[in-house]
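**Q** To be precise about what I am sending: the file is called run_33.txt and holds compact mmCIF, C-alpha atoms and all ligand atoms.
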```txt
# COMPACT_ATOMS: atom_id res chain seq x y z
CA MET A 1 -12.82 -3.00 19.48
CA SER A 2 -12.40 -1.89 23.04
CA GLN A 3 -8.94 -0.37 22.55
CA THR A 4 -10.13 1.94 19.80
CA LYS A 5 -11.51 5.42 20.09
CA PRO A 6 -11.21 8.66 18.17
CA ALA A 7 -8.03 10.35 19.36
CA LYS A 8 -8.49 13.37 21.61
CA LEU A 9 -7.53 16.74 20.16
CA THR A 10 -4.96 17.15 22.93
CA GLU A 11 -3.33 13.83 21.96
CA ILE A 12 -3.11 14.89 18.33
CA LEU A 13 -1.72 18.31 19.17
CA LYS A 14 0.80 16.75 21.54
CA SER A 15 2.14 14.40 18.87
CA LEU A 16 2.29 17.19 16.28
CA ALA A 17 4.08 19.41 18.79
CA ALA A 18 6.62 16.65 19.44
CA ASN A 19 7.75 17.26 15.86
CA TYR A 20 7.79 21.04 16.20
CA GLN A 21 10.70 21.21 13.76
CA ILE A 22 8.05 20.89 11.03
CA ILE A 23 7.64 24.66 11.32
CA LYS A 24 10.82 24.94 9.24
CA VAL A 25 8.88 23.45 6.32
CA LYS A 26 7.40 26.07 4.02
CA PRO A 27 3.94 27.25 5.16
CA SER A 28 2.14 26.26 1.94
CA LEU A 29 3.25 22.64 2.43
CA ILE A 30 2.20 22.63 6.10
CA PHE A 31 -1.16 24.09 5.09
CA PHE A 32 -1.55 21.36 2.44
CA LEU A 33 -0.76 18.61 4.98
CA LEU A 34 -3.19 20.02 7.56
CA GLN A 35 -5.94 20.22 4.94
CA TYR A 36 -5.22 16.61 3.99
CA MET A 37 -5.30 15.47 7.62
CA LYS A 38 -8.66 17.14 8.13
CA LYS A 39 -10.21 14.62 5.74
CA PHE A 40 -9.72 11.79 8.25
CA LYS A 41 -10.67 11.01 11.78
CA VAL A 42 -7.56 10.20 13.82
CA LEU A 43 -8.07 6.93 15.71
CA ASN A 44 -6.31 5.88 18.87
CA VAL A 45 -5.58 2.19 18.32
CA GLY A 46 -3.83 0.70 21.32
CA GLY A 47 -2.02 4.01 21.87
CA ASN A 48 -1.11 4.56 18.19
CA LEU A 49 -2.66 7.69 16.67
CA VAL A 50 -3.63 6.61 13.17
CA LEU A 51 -4.79 8.83 10.33
CA HIS A 52 -4.85 5.90 7.93
CA SER A 53 -2.71 2.85 7.34
CA HIS A 54 -0.71 4.24 4.40
CA LEU A 55 1.01 6.62 6.82
CA PRO A 56 2.82 5.90 10.09
CA PRO A 57 1.02 6.71 13.36
CA LEU A 58 1.36 10.42 14.21
CA ASN A 59 3.01 9.66 17.55
CA SER A 60 5.54 7.15 16.17
CA LYS A 61 9.26 7.33 15.47
CA ALA A 62 8.44 6.55 11.84
CA TYR A 63 6.38 9.74 11.63
CA SER A 64 9.27 11.75 13.09
CA ARG A 65 11.49 10.23 10.41
CA PHE A 66 8.98 11.39 7.77
CA VAL A 67 9.24 14.94 9.08
CA ASN A 68 13.03 14.94 9.55
CA GLU A 69 14.25 12.90 6.61
CA HIS A 70 11.66 13.59 3.93
CA LEU A 71 10.12 16.99 4.67
CA LEU A 72 13.21 18.70 6.11
CA GLN A 73 16.28 16.92 4.70
CA LYS A 74 14.45 16.09 1.45
CA ILE A 75 16.41 12.88 1.05
CA SER A 76 16.00 11.33 -2.36
CA GLY A 77 15.26 7.77 -1.23
CA PRO A 78 11.82 6.14 -0.98
CA SER A 79 9.51 6.59 2.00
CA HIS A 80 7.41 3.51 1.26
CA ALA A 81 8.31 -0.06 0.25
CA GLN A 82 6.41 -3.27 -0.29
CA ILE A 83 8.23 -6.57 0.06
CA GLY A 84 7.02 -9.91 -1.26
CA LEU A 85 7.90 -12.30 1.56
CA THR A 86 7.02 -15.33 -0.56
CA ASN A 87 5.36 -15.97 -3.89
CA ALA A 88 3.42 -18.96 -2.60
CA CYS A 89 -0.29 -18.34 -2.36
CA PRO A 90 -3.21 -20.74 -2.03
CA GLN A 91 -5.51 -18.31 -3.82
CA ASN A 92 -5.61 -17.56 -7.52
CA CYS A 93 -7.13 -14.10 -8.00
CA GLN A 94 -8.23 -13.12 -11.47
CA TYR A 95 -6.36 -9.83 -11.15
CA CYS A 96 -3.23 -11.18 -9.41
CA TYR A 97 -0.41 -8.69 -10.08
CA ASN A 98 2.20 -11.30 -9.15
CA LYS A 99 1.24 -13.99 -11.61
CA ASN A 100 4.13 -13.52 -13.99
CA ARG A 101 6.93 -13.28 -11.48
CA HIS A 102 9.43 -16.14 -11.24
CA GLY A 103 12.89 -16.87 -9.88
CA LYS A 104 14.76 -17.96 -6.80
CA ILE A 105 12.99 -17.00 -3.61
CA LEU A 106 14.74 -14.54 -1.22
CA ASP A 107 15.88 -16.13 2.01
CA THR A 108 15.13 -14.71 5.44
CA GLU A 109 18.59 -13.20 6.00
CA THR A 110 18.43 -11.37 2.68
CA ILE A 111 14.99 -9.95 3.52
CA ILE A 112 16.26 -8.74 6.91
CA ARG A 113 19.28 -7.11 5.27
CA LEU A 114 17.04 -5.54 2.64
CA ILE A 115 14.82 -3.97 5.30
CA ARG A 116 17.90 -2.53 7.00
CA GLU A 117 19.12 -1.03 3.70
CA LEU A 118 15.68 0.33 2.82
CA LYS A 119 15.45 2.07 6.17
CA LYS A 120 18.85 3.67 5.62
CA MET A 121 17.53 5.00 2.31
CA GLY A 122 14.53 6.62 4.06
CA VAL A 123 11.84 3.95 4.11
CA LEU A 124 9.50 4.48 7.07
CA TRP A 125 6.52 2.36 5.95
CA ILE A 126 6.77 -1.23 4.75
CA GLY A 127 4.00 -3.43 3.44
CA PHE A 128 4.53 -7.18 3.72
CA THR A 129 2.89 -8.82 0.78
CA GLY A 130 3.31 -11.89 -1.41
CA GLY A 131 2.00 -14.33 -2.36
CA GLU A 132 0.60 -14.94 1.07
CA PRO A 133 3.16 -13.46 3.48
CA LEU A 134 1.99 -15.64 6.37
CA LEU A 135 3.48 -18.58 4.50
CA GLN A 136 6.98 -17.17 5.10
CA LYS A 137 7.91 -19.26 8.14
CA ASP A 138 10.13 -16.51 9.62
CA ILE A 139 7.63 -13.68 9.31
CA VAL A 140 7.72 -12.95 13.07
CA LYS A 141 11.53 -12.79 13.07
CA ILE A 142 11.46 -10.52 10.01
CA THR A 143 8.86 -8.25 11.64
CA GLU A 144 10.92 -8.01 14.81
CA SER A 145 14.08 -7.19 12.88
CA ALA A 146 12.52 -4.08 11.37
CA GLY A 147 12.63 -2.11 14.64
CA ASP A 148 10.24 0.48 15.99
CA ASP A 149 11.06 3.36 13.64
CA VAL A 150 9.21 1.97 10.65
CA ALA A 151 5.45 1.35 10.31
CA LEU A 152 4.75 -2.23 9.27
CA LYS A 153 1.64 -3.33 7.46
CA LEU A 154 0.62 -6.88 6.58
CA PHE A 155 -1.50 -7.63 3.51
CA THR A 156 -2.99 -11.10 3.88
CA THR A 157 -5.74 -13.42 2.75
CA GLY A 158 -5.81 -14.75 6.32
CA CYS A 159 -4.85 -18.28 5.25
CA THR A 160 -3.03 -20.16 8.07
CA LEU A 161 -3.54 -17.36 10.62
CA THR A 162 -3.89 -18.47 14.23
CA PRO A 163 -4.49 -16.33 17.35
CA GLN A 164 -0.94 -17.15 18.49
CA LEU A 165 0.61 -15.97 15.21
CA ALA A 166 -1.45 -12.77 15.29
CA ALA A 167 -0.28 -12.07 18.87
CA ASP A 168 3.34 -12.85 17.98
CA LEU A 169 3.22 -10.46 15.01
CA LYS A 170 1.71 -7.71 17.13
CA ASN A 171 4.33 -8.21 19.84
CA ALA A 172 7.05 -8.17 17.18
CA GLY A 173 5.96 -4.66 16.15
CA LEU A 174 3.30 -5.07 13.46
CA LYS A 175 1.00 -2.03 13.40
CA TYR A 176 -1.48 -2.54 10.57
CA VAL A 177 -3.19 -5.51 8.96
CA SER A 178 -5.32 -5.58 5.83
CA VAL A 179 -7.28 -8.72 5.08
CA SER A 180 -8.29 -9.18 1.44
CA LEU A 181 -12.03 -9.03 0.89
CA ASP A 182 -13.46 -7.95 -2.46
CA HIS A 183 -17.20 -8.47 -2.10
CA TRP A 184 -19.93 -8.72 0.49
CA GLN A 185 -21.24 -11.96 -1.00
CA ALA A 186 -19.23 -15.10 -0.25
CA GLU A 187 -19.76 -16.67 -3.71
CA GLU A 188 -18.61 -13.50 -5.50
CA HIS A 189 -15.47 -13.18 -3.39
CA ASP A 190 -14.59 -16.88 -3.69
CA GLN A 191 -15.18 -16.81 -7.43
CA GLY A 192 -12.92 -13.75 -7.95
CA ARG A 193 -10.21 -15.49 -5.93
CA ARG A 194 -10.89 -18.89 -7.49
CA TYR A 195 -10.66 -20.36 -4.02
CA PRO A 196 -13.63 -21.92 -2.24
CA GLY A 197 -13.78 -20.75 1.36
CA ALA A 198 -11.73 -17.55 0.77
CA PHE A 199 -14.56 -15.41 2.21
CA ARG A 200 -14.89 -17.56 5.33
CA THR A 201 -11.10 -17.49 5.83
CA ALA A 202 -11.03 -13.70 5.54
CA LEU A 203 -13.82 -13.17 8.07
CA LYS A 204 -12.18 -15.53 10.51
CA ALA A 205 -8.84 -13.72 10.16
CA ILE A 206 -10.51 -10.36 10.78
CA GLU A 207 -11.98 -11.70 14.01
CA ILE A 208 -8.63 -13.10 15.14
CA PHE A 209 -6.84 -9.81 14.46
CA LYS A 210 -9.55 -7.82 16.25
CA GLU A 211 -9.39 -10.11 19.26
CA THR A 212 -5.60 -9.75 19.40
CA GLY A 213 -6.08 -6.12 20.42
CA GLY A 214 -3.82 -3.18 19.67
CA LEU A 215 -3.64 -3.84 15.92
CA HIS A 216 -5.16 -1.49 13.37
CA VAL A 217 -7.40 -3.91 11.45
CA GLY A 218 -8.61 -3.23 7.95
CA VAL A 219 -9.83 -4.86 4.81
CA SER A 220 -8.13 -4.36 1.49
CA ALA A 221 -10.60 -4.58 -1.34
CA VAL A 222 -10.00 -4.60 -5.07
CA LEU A 223 -13.01 -3.06 -6.77
CA SER A 224 -14.10 -3.89 -10.28
CA ARG A 225 -15.14 -1.05 -12.57
CA GLU A 226 -18.67 -2.50 -12.62
CA MET A 227 -18.95 -2.25 -8.84
CA ILE A 228 -17.88 1.38 -8.98
CA ARG A 229 -20.30 2.23 -11.78
CA ASN A 230 -23.27 0.24 -10.42
CA GLY A 231 -23.15 1.97 -7.06
CA GLU A 232 -22.30 -1.34 -5.36
CA VAL A 233 -19.38 0.16 -3.45
CA GLU A 234 -21.83 1.80 -1.03
CA ILE A 235 -23.48 -1.57 -0.33
CA PHE A 236 -20.06 -3.11 0.21
CA LEU A 237 -19.03 -0.34 2.61
CA GLY A 238 -22.21 -0.91 4.61
CA PHE A 239 -21.21 -4.56 4.96
CA LEU A 240 -17.63 -3.68 5.96
CA ALA A 241 -18.82 -1.16 8.56
CA GLY A 242 -20.80 -4.02 10.14
CA LEU A 243 -17.53 -5.92 10.63
CA GLU A 244 -16.38 -3.16 13.02
CA ILE A 245 -12.99 -2.78 11.43
CA HIS A 246 -10.87 0.35 11.49
CA GLU A 247 -10.38 0.86 7.80
CA ALA A 248 -11.45 -0.11 4.31
CA TRP A 249 -8.43 0.19 2.02
CA LEU A 250 -9.82 0.41 -1.48
CA SER A 251 -8.22 0.20 -4.87
CA GLU A 252 -9.54 -0.61 -8.30
CA ALA A 253 -8.30 -3.63 -10.24
CA LYS A 254 -5.13 -2.44 -11.98
CA PRO A 255 -4.14 -3.28 -15.57
CA SER A 256 -1.04 -5.18 -14.45
CA ILE A 257 -1.74 -8.35 -16.44
CA ASP A 258 -2.96 -9.07 -19.95
CA VAL A 259 -6.61 -9.84 -19.12
CA TYR A 260 -6.92 -6.32 -17.72
CA TRP A 261 -5.26 -4.56 -20.68
CA ASN A 262 -8.64 -3.50 -21.89
CA GLU A 263 -10.37 -0.12 -21.97
CA ASP A 264 -13.53 -1.78 -20.65
CA LYS A 265 -11.79 -2.76 -17.44
CA VAL A 266 -9.67 0.29 -16.59
CA ILE A 267 -11.39 3.04 -14.61
CA SER A 268 -11.77 6.57 -15.95
CA GLU A 269 -10.94 9.80 -14.14
CA GLU A 270 -14.70 10.21 -13.53
CA ASP A 271 -14.78 6.82 -11.77
CA ARG A 272 -11.82 7.84 -9.61
CA ILE A 273 -13.45 11.13 -8.68
CA ARG A 274 -16.69 9.31 -7.78
CA LEU A 275 -14.73 7.18 -5.29
CA VAL A 276 -12.79 10.17 -3.96
CA GLN A 277 -16.05 11.99 -3.27
CA LEU A 278 -17.52 8.88 -1.68
CA GLN A 279 -14.48 8.63 0.60
CA ASP A 280 -14.62 12.28 1.65
CA ARG A 281 -18.37 12.06 2.32
CA TYR A 282 -18.05 8.83 4.25
CA ASN A 283 -15.10 9.89 6.39
CA LYS A 284 -16.98 12.94 7.68
CA THR A 285 -19.47 10.79 9.56
CA ALA A 286 -18.59 7.08 9.72
CA ASN A 287 -16.52 5.34 12.37
CA MET A 288 -14.66 3.20 9.83
CA THR A 289 -12.03 5.07 7.78
CA ILE A 290 -12.19 4.82 4.01
CA ASN A 291 -8.74 4.92 2.48
CA TYR A 292 -9.02 4.83 -1.30
CA LEU A 293 -5.63 4.62 -2.97
CA GLY A 294 -6.80 6.83 -5.83
CA HIS A 295 -7.57 9.53 -3.24
CA PHE A 296 -4.00 9.53 -1.90
CA GLU A 297 -2.56 9.14 -5.39
CA GLY A 298 -4.69 11.71 -7.21
CA SER A 299 -3.36 14.96 -8.68
CA GLU A 300 -5.03 16.89 -5.84
CA HIS A 301 -2.93 15.06 -3.21
CA PHE A 302 0.31 13.04 -3.53
CA GLY A 303 0.07 11.60 -7.06
CA CYS A 304 1.74 8.43 -8.27
CA ASN A 305 4.73 7.49 -6.14
CA ALA A 306 5.82 4.49 -8.21
CA GLY A 307 9.61 4.39 -8.45
CA HIS A 308 9.77 7.82 -6.86
CA LYS A 309 8.85 7.42 -3.19
CA MET A 310 7.55 3.85 -3.49
CA VAL A 311 9.46 0.68 -4.35
CA TYR A 312 8.43 -2.96 -4.60
CA ILE A 313 10.84 -5.84 -4.12
CA ASP A 314 9.17 -9.09 -5.07
CA ALA A 315 9.78 -12.47 -3.46
CA PHE A 316 12.60 -13.16 -5.96
CA GLY A 317 14.43 -9.90 -5.33
CA GLU A 318 13.28 -8.13 -8.50
CA VAL A 319 12.84 -4.39 -8.00
CA SER A 320 9.77 -2.68 -9.45
CA PRO A 321 8.35 0.83 -9.09
CA CYS A 322 5.26 -0.49 -7.26
CA VAL A 323 3.45 -3.82 -6.82
CA PHE A 324 1.26 -3.18 -9.85
CA THR A 325 4.07 -2.52 -12.38
CA PRO A 326 5.12 -5.75 -14.16
CA MET A 327 8.71 -4.68 -14.82
CA THR A 328 12.07 -4.96 -13.11
CA PHE A 329 15.04 -2.59 -12.88
CA GLY A 330 17.37 -5.10 -11.28
CA ASN A 331 17.67 -7.80 -8.66
CA VAL A 332 18.89 -7.23 -5.11
CA ASN A 333 20.96 -10.41 -5.33
CA GLU A 334 23.04 -8.77 -8.05
CA LYS A 335 23.12 -5.08 -7.17
CA SER A 336 22.39 -2.99 -4.10
CA ILE A 337 18.84 -1.80 -3.65
CA GLU A 338 20.21 1.73 -3.35
CA THR A 339 21.81 1.60 -6.81
CA ILE A 340 18.79 -0.02 -8.44
CA PHE A 341 16.42 2.46 -6.85
CA SER A 342 18.40 5.52 -7.84
CA GLU A 343 18.65 4.32 -11.47
CA MET A 344 14.92 3.60 -11.48
CA LYS A 345 14.01 6.90 -9.84
CA ALA A 346 15.78 8.81 -12.61
CA LEU A 347 13.09 7.41 -14.93
CA PHE A 348 10.14 8.07 -12.56
CA PRO A 349 9.71 11.77 -11.82
CA SER A 350 6.17 11.12 -10.43
CA GLU A 351 2.98 12.69 -11.73
CA GLY A 352 -0.59 13.34 -10.77
CA CYS A 353 -2.13 10.10 -12.05
CA CYS A 354 -1.60 6.35 -11.88
CA PHE A 355 1.32 5.28 -14.06
CA MET A 356 -0.26 1.87 -14.78
CA ASN A 357 -3.75 3.14 -15.56
CA LYS A 358 -2.21 5.61 -17.99
CA ASN A 359 0.48 3.46 -19.63
CA TYR A 360 -0.82 -0.11 -19.68
CA LYS A 361 -0.98 -0.06 -23.48
CA LEU A 362 2.81 0.21 -23.57
CA PHE A 363 2.95 -2.99 -21.52
CA GLN A 364 0.72 -4.55 -24.15
CA LYS A 365 3.24 -3.46 -26.77
CA TYR A 366 6.26 -4.83 -24.88
CA ASN A 367 4.37 -7.93 -23.70
CA ARG A 368 6.65 -10.86 -22.87
CA GLY A 369 3.93 -13.42 -22.29
CA ASN A 370 4.24 -15.04 -18.92
CA THR A 371 7.05 -12.99 -17.43
CA ILE A 372 7.60 -9.39 -16.36
CA LEU A 373 9.70 -6.98 -18.44
CA ARG A 374 13.45 -7.31 -17.93
CA ARG A 375 15.58 -4.29 -17.09
CA GLU A 376 16.54 -3.41 -20.70
CA GLU A 377 12.92 -3.74 -21.84
CA SER A 378 11.71 -1.68 -18.89
CA ILE A 379 14.16 1.08 -19.84
CA SER A 380 13.02 0.96 -23.50
CA LEU A 381 9.39 1.21 -22.40
CA MET A 382 10.21 4.17 -20.16
CA ASN A 383 11.73 6.00 -23.14
CA GLU A 384 8.22 6.11 -24.59
CA VAL A 385 6.48 7.37 -21.45
CA GLN A 386 5.47 11.01 -21.23
CA PHE A 387 5.02 12.23 -17.68
CA GLY A 388 2.46 14.95 -16.93
CA PRO A 389 2.47 17.59 -14.18
CA LEU A 390 3.28 16.72 -10.59
CA ALA A 391 0.51 16.30 -8.04
CA LYS A 392 -0.18 19.15 -5.62
CA PHE A 393 2.08 17.83 -2.81
CA PHE A 394 5.15 17.47 -5.02
CA GLN A 395 4.52 20.81 -6.74
CA LEU A 396 4.75 22.43 -3.32
CA PHE A 397 7.59 20.15 -2.21
CA TYR A 398 9.90 20.70 -5.16
CA HIS A 399 9.14 24.30 -6.13
S1 LIG B 401 -3.96 -13.25 -2.78
FE1 LIG B 401 -2.48 -11.86 -3.70
S2 LIG B 401 -0.76 -13.14 -4.36
FE2 LIG B 401 -2.51 -14.52 -3.93
S3 LIG B 401 -3.47 -14.79 -5.94
FE3 LIG B 401 -4.51 -13.08 -4.93
S4 LIG B 401 -3.46 -11.21 -5.62
FE4 LIG B 401 -2.15 -12.99 -6.09
S1 LIG B 402 1.42 3.02 -10.63
FE1 LIG B 402 1.48 4.68 -9.09
S2 LIG B 402 -0.64 5.28 -8.69
FE2 LIG B 402 -0.64 3.34 -9.82
S3 LIG B 402 -0.82 1.81 -8.22
FE3 LIG B 402 1.39 2.06 -8.62
S4 LIG B 402 2.08 3.66 -7.19
FE4 LIG B 402 -0.14 3.69 -7.23
```
Could you render the structure from this file as structure tokens?

**A**
Amino acid sequence: MSQTKPAKLTEILKSLAANYQIIKVKPSLIFFLLQYMKKFKVLNVGGNLVLHSHLPPLNSKAYSRFVNEHLLQKISGPSHAQIGLTNACPQNCQYCYNKNRHGKILDTETIIRLIRELKKMGVLWIGFTGGEPLLQKDIVKITESAGDDVALKLFTTGCTLTPQLAADLKNAGLKYVSVSLDHWQAEEHDQGRRYPGAFRTALKAIEIFKETGGLHVGVSAVLSREMIRNGEVEIFLGFLAGLEIHEAWLSEAKPSIDVYWNEDKVISEEDRIRLVQLQDRYNKTANMTINYLGHFEGSEHFGCNAGHKMVYIDAFGEVSPCVFTPMTFGNVNEKSIETIFSEMKALFPSEGCCFMNKNYKLFQKYNRGNTILRREESISLMNEVQFGPLAKFFQLFYH
């Protein structure tokens, strides 16, 4: 990846200095953020200074918006959103969090309007997901419409990607891509996705994105509890490092659907800590960044942002706290995203652990078979949820 190198200290300092107004933030919060940043190597990817792909580049307008709107103005809207551009997907993953979602698909104009409204609410990072987002025929137009003050990330299986499409997306403003890859062995990956050739497709897509140049290219991997406990994650990371990608975005399989509502499948706090330690160890020396979601979302960092600073709008317009929460609080075709989000946020004060990992048994109780919980049911479920203490960042932020 010729356009990639660790960022120079002067470049990092220059971009931090460009947002000098951050000095108005209380010192303990600045200290926390600097300590967090120290865990990663900042990469210069085609001129973008990237800590990891869950945050906007440090020298971007989106980062300035994070400082101004969220740290200084403390606006109550979300900072992060995921949008399902389509529900169509050629693959059929065992753990698919989208399986039980149905309805009338959002059209392109509605998605573009939604992005505009989300940005007004404070969103500075958007993940395009699905289904397979590349199957949305207007994905380039949608990407372009978002503007340059929001960091855009594409989650894809790689199906239907061509070099031309990758170049068009990059030129339209896409910053980050994550190609799904769950195992280093082709048969294992294909079996988990119940799609012969999924592994080959993913590797080809990674090559295309790398050759495009200027894109931050990563893999997003869903780890089974067995892989974490058998020490297979290290083997997998060795394989991923050989692909010469920028980042491995890791998460464990979440209990979002009935086959995962099982204590034998959900990770424990010890499993999470094992991965956190692996990430911190790895990031001290390796060229590829490890970005484990449970690291960002742990009590020691930012905690669970579902419904608080994160929102998911699926391909049918249903609004959920995050992609892994099989519930809706309204549909953007019926109510504004701002109204739905603020009603939802009142029920999601955030806490220092994953909402789904902790509360999946309540979803078992309210189970509606092959569809997600409707608004009334979601509210009833939330009446039974007990939230614990805030994670470190929000303790400092709110108190
Ligand atoms: S690629 Fe994504 S949308 Fe498609 S089946 Fe897998 S998890 Fe579901
Ligand atoms: S519930 Fe919270 S911690 Fe869990 S995946 Fe969603 S946003 Fe992340």

**Q** Write as number ranges by chain the residues around ligand LIG 401 (chain B), taking 9 Å as the cut-off and counting only C-alpha atoms and all ligand atoms.

**A** A: 84, 86-99, 129-133, 155-157, 180, 192-194

**Q** Give me, as a list of chain:residue names, the set of residues whose atoms come within 6 Å of any atom of ligand LIG 402 (chain B), counting all atoms listed in the file.

**A**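 Using all atoms listed in the file, everything at most 6 Å from ligand LIG 402 (chain B) comes to A:Glu297, A:Cys304, A:Asn305, A:Ala306, A:Cys322, A:Phe324, A:Cys354, A:Phe355, A:Met356.
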
**Q** What separation in Å, quoted to one decimal, exists between atom CA of Leu118 of chain A and atom CA of Thr328 of chain A?

**A**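 For atom CA of Leu118 of chain A relative to atom CA of Thr328 of chain A, the distance reads 17.2 Å.
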
**Q** Calculate how many Å separate atom CA of Phe40 of chain A from atom CA of Arg272 of chain A, rounding to one decimal.

**A**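 These two atoms are separated by 18.4 Å.
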
**Q** Pick out the closest residue to Leu34 of chain A from this set: A:Ser64, A:Glu247, A:Leu51, A:Ile142. Count only C-alpha atoms.

**A** A:Leu51

**Q** Give me, please, the distance in Å between atom CA of Ser60 of chain A and atom CA of Lys8 of chain A, quoted to one decimal.

**A**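 A separation of 16.3 Å between them.
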
**Q** List as a list in words the protein and nucleic acid residues near Ala186 of chain A, meaning an atom at most 9 Å away when only C-alpha atoms are counted, but skip any in the same chain fewer than 2 places from it.

**A**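 Here the qualifying residues turn out to be His183, Trp184, Glu188, His189, Asp190, Gln191, Gly197, Ala198, Phe199 and Arg200 of chain A.
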
**Q** Please provide as a PyMOL selection string all residues within 8 Å of Tyr292 of chain A, with the sequence filter that same-chain residues fewer than 6 positions apart are discarded (counting only C-alpha atoms).

**A** chain A and resi 248-251+275-276+279

**Q** Could the residues in this selection be written to a file with C-alpha atoms, as a tab-separated table (two decimals), in the frame of the given file?

**A**
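The resulting file, selection-v5.tsv, is reproduced below:
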```tsv
chain	number	residue	atom	x	y	z
A	248	ALA	CA	-11.45	-0.11	4.31
A	249	TRP	CA	-8.43	0.19	2.02
A	250	LEU	CA	-9.82	0.41	-1.48
A	251	SER	CA	-8.22	0.20	-4.87
A	275	LEU	CA	-14.73	7.18	-5.29
A	276	VAL	CA	-12.79	10.17	-3.96
A	279	GLN	CA	-14.48	8.63	0.60
```

**Q** For Val25 of chain A, list every protein, DNA or RNA residue within 9 Å, evaluated using all atoms listed in the file, and leave out those in the same chain fewer than 6 positions away; present the list as an NGL selection string.

**A** :A and (67 or 71-72)

**Q** Find the residues around Met310 of chain A up to 8 Å (only C-alpha atoms counted), leave out those fewer than 3 positions away in its own chain, and share them as a PyMOL selection string.

**A** chain A and resi 78-82+305-307+321-322

**Q** Using C-alpha atoms, can you export the residues from the last selection as a PDB file, in the frame of the given file?

**A**
```
ATOM      1  CA  PRO A  78      11.820   6.140  -0.980  1.00  0.00           C
ATOM      2  CA  SER A  79       9.510   6.590   2.000  1.00  0.00           C
ATOM      3  CA  HIS A  80       7.410   3.510   1.260  1.00  0.00           C
ATOM      4  CA  ALA A  81       8.310  -0.060   0.250  1.00  0.00           C
ATOM      5  CA  GLN A  82       6.410  -3.270  -0.290  1.00  0.00           C
ATOM      6  CA  ASN A 305       4.730   7.490  -6.140  1.00  0.00           C
ATOM      7  CA  ALA A 306       5.820   4.490  -8.210  1.00  0.00           C
ATOM      8  CA  GLY A 307       9.610   4.390  -8.450  1.00  0.00           C
ATOM      9  CA  PRO A 321       8.350   0.830  -9.090  1.00  0.00           C
ATOM     10  CA  CYS A 322       5.260  -0.490  -7.260  1.00  0.00           C
TER      11      CYS A 322
END
```

**Q** Go through A:Glu343, A:Glu207, A:Glu226, A:Asp168 and flag the residue nearest Val140 of chain A, using all atoms listed in the file for the distances.

**A**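 Nearest candidate to Val140 of chain A out of A:Glu343, A:Glu207, A:Glu226, A:Asp168: A:Asp168.
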
**Q** Please report as CSV every residue of segment 263-290 of chain A lying within 9 Å of segment 227-245 of chain A, along with the nearest atom pair and their distance in Å (one decimal), using all atoms listed in the file.

**A**
```
residue,atom,partner,partner_atom,distance
A:Ile267,CA,A:Ile228,CA,8.8
A:Asp271,CA,A:Ile228,CA,6.9
A:Arg272,CA,A:Ile228,CA,8.9
A:Arg274,CA,A:Ile228,CA,8.1
A:Leu275,CA,A:Ile228,CA,7.6
A:Leu278,CA,A:Glu234,CA,8.3
A:Ala286,CA,A:Ala241,CA,8.3
A:Asn287,CA,A:Ala241,CA,7.9
A:Met288,CA,A:Ala241,CA,6.2
A:Thr289,CA,A:Ile245,CA,8.7
A:Ile290,CA,A:Leu237,CA,8.7
```

**Q** Export C-alpha atoms of the chosen residues as a compact mmCIF listing (two decimals), in the coordinates of the input?

**A**
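Resulting contents of part19.txt:
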```txt
# COMPACT_ATOMS: atom_id res chain seq x y z
CA ILE A 267 -11.39 3.04 -14.61
CA ASP A 271 -14.78 6.82 -11.77
CA ARG A 272 -11.82 7.84 -9.61
CA ARG A 274 -16.69 9.31 -7.78
CA LEU A 275 -14.73 7.18 -5.29
CA LEU A 278 -17.52 8.88 -1.68
CA ALA A 286 -18.59 7.08 9.72
CA ASN A 287 -16.52 5.34 12.37
CA MET A 288 -14.66 3.20 9.83
CA THR A 289 -12.03 5.07 7.78
CA ILE A 290 -12.19 4.82 4.01
```

**Q** Let me make sure I understand: among A:Val217, A:Asp149, A:Phe209, A:Lys358, which one has the smallest atom-to-atom distance to Leu43 of chain A if we use only C-alpha atoms?

**A** A:Val217

**Q** Quick one: of A:Gly173, A:Gly127, A:Gly158, A:Gly369, who's nearest to Thr143 of chain A, counting all atoms listed in the file?

**A**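 Closest candidate: A:Gly173.
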
**Q** Which neighbours of Val42 of chain A fall inside 6 Å, counting all atoms listed in the file, when residues of the same chain fewer than 4 positions from it are skipped, and could you give them as a list of chain:residue names?

**A**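 Contacts, in chain order: A:Pro6, A:Ala7, A:Val50, A:Leu51.
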
**Q** Could segment 163-167 of chain A be completed with N, CA and C atoms and returned as a short mmCIF file (atom, residue, chain, number, x, y, z; two decimals), keeping the file's coordinate frame?

**A**
```cif
data_model
loop_
_atom_site.label_atom_id
_atom_site.label_comp_id
_atom_site.auth_asym_id
_atom_site.auth_seq_id
_atom_site.Cartn_x
_atom_site.Cartn_y
_atom_site.Cartn_z
N PRO A 163 -4.57 -17.40 16.33
CA PRO A 163 -4.49 -16.33 17.35
C PRO A 163 -3.05 -16.15 17.86
N GLN A 164 -2.32 -17.25 17.99
CA GLN A 164 -0.94 -17.15 18.49
C GLN A 164 -0.06 -16.37 17.51
N LEU A 165 -0.21 -16.67 16.22
CA LEU A 165 0.61 -15.97 15.21
C LEU A 165 0.26 -14.48 15.19
N ALA A 166 -1.04 -14.18 15.29
CA ALA A 166 -1.45 -12.77 15.29
C ALA A 166 -0.82 -12.05 16.49
N ALA A 167 -0.85 -12.69 17.65
CA ALA A 167 -0.28 -12.07 18.87
C ALA A 167 1.24 -11.92 18.72
#
```
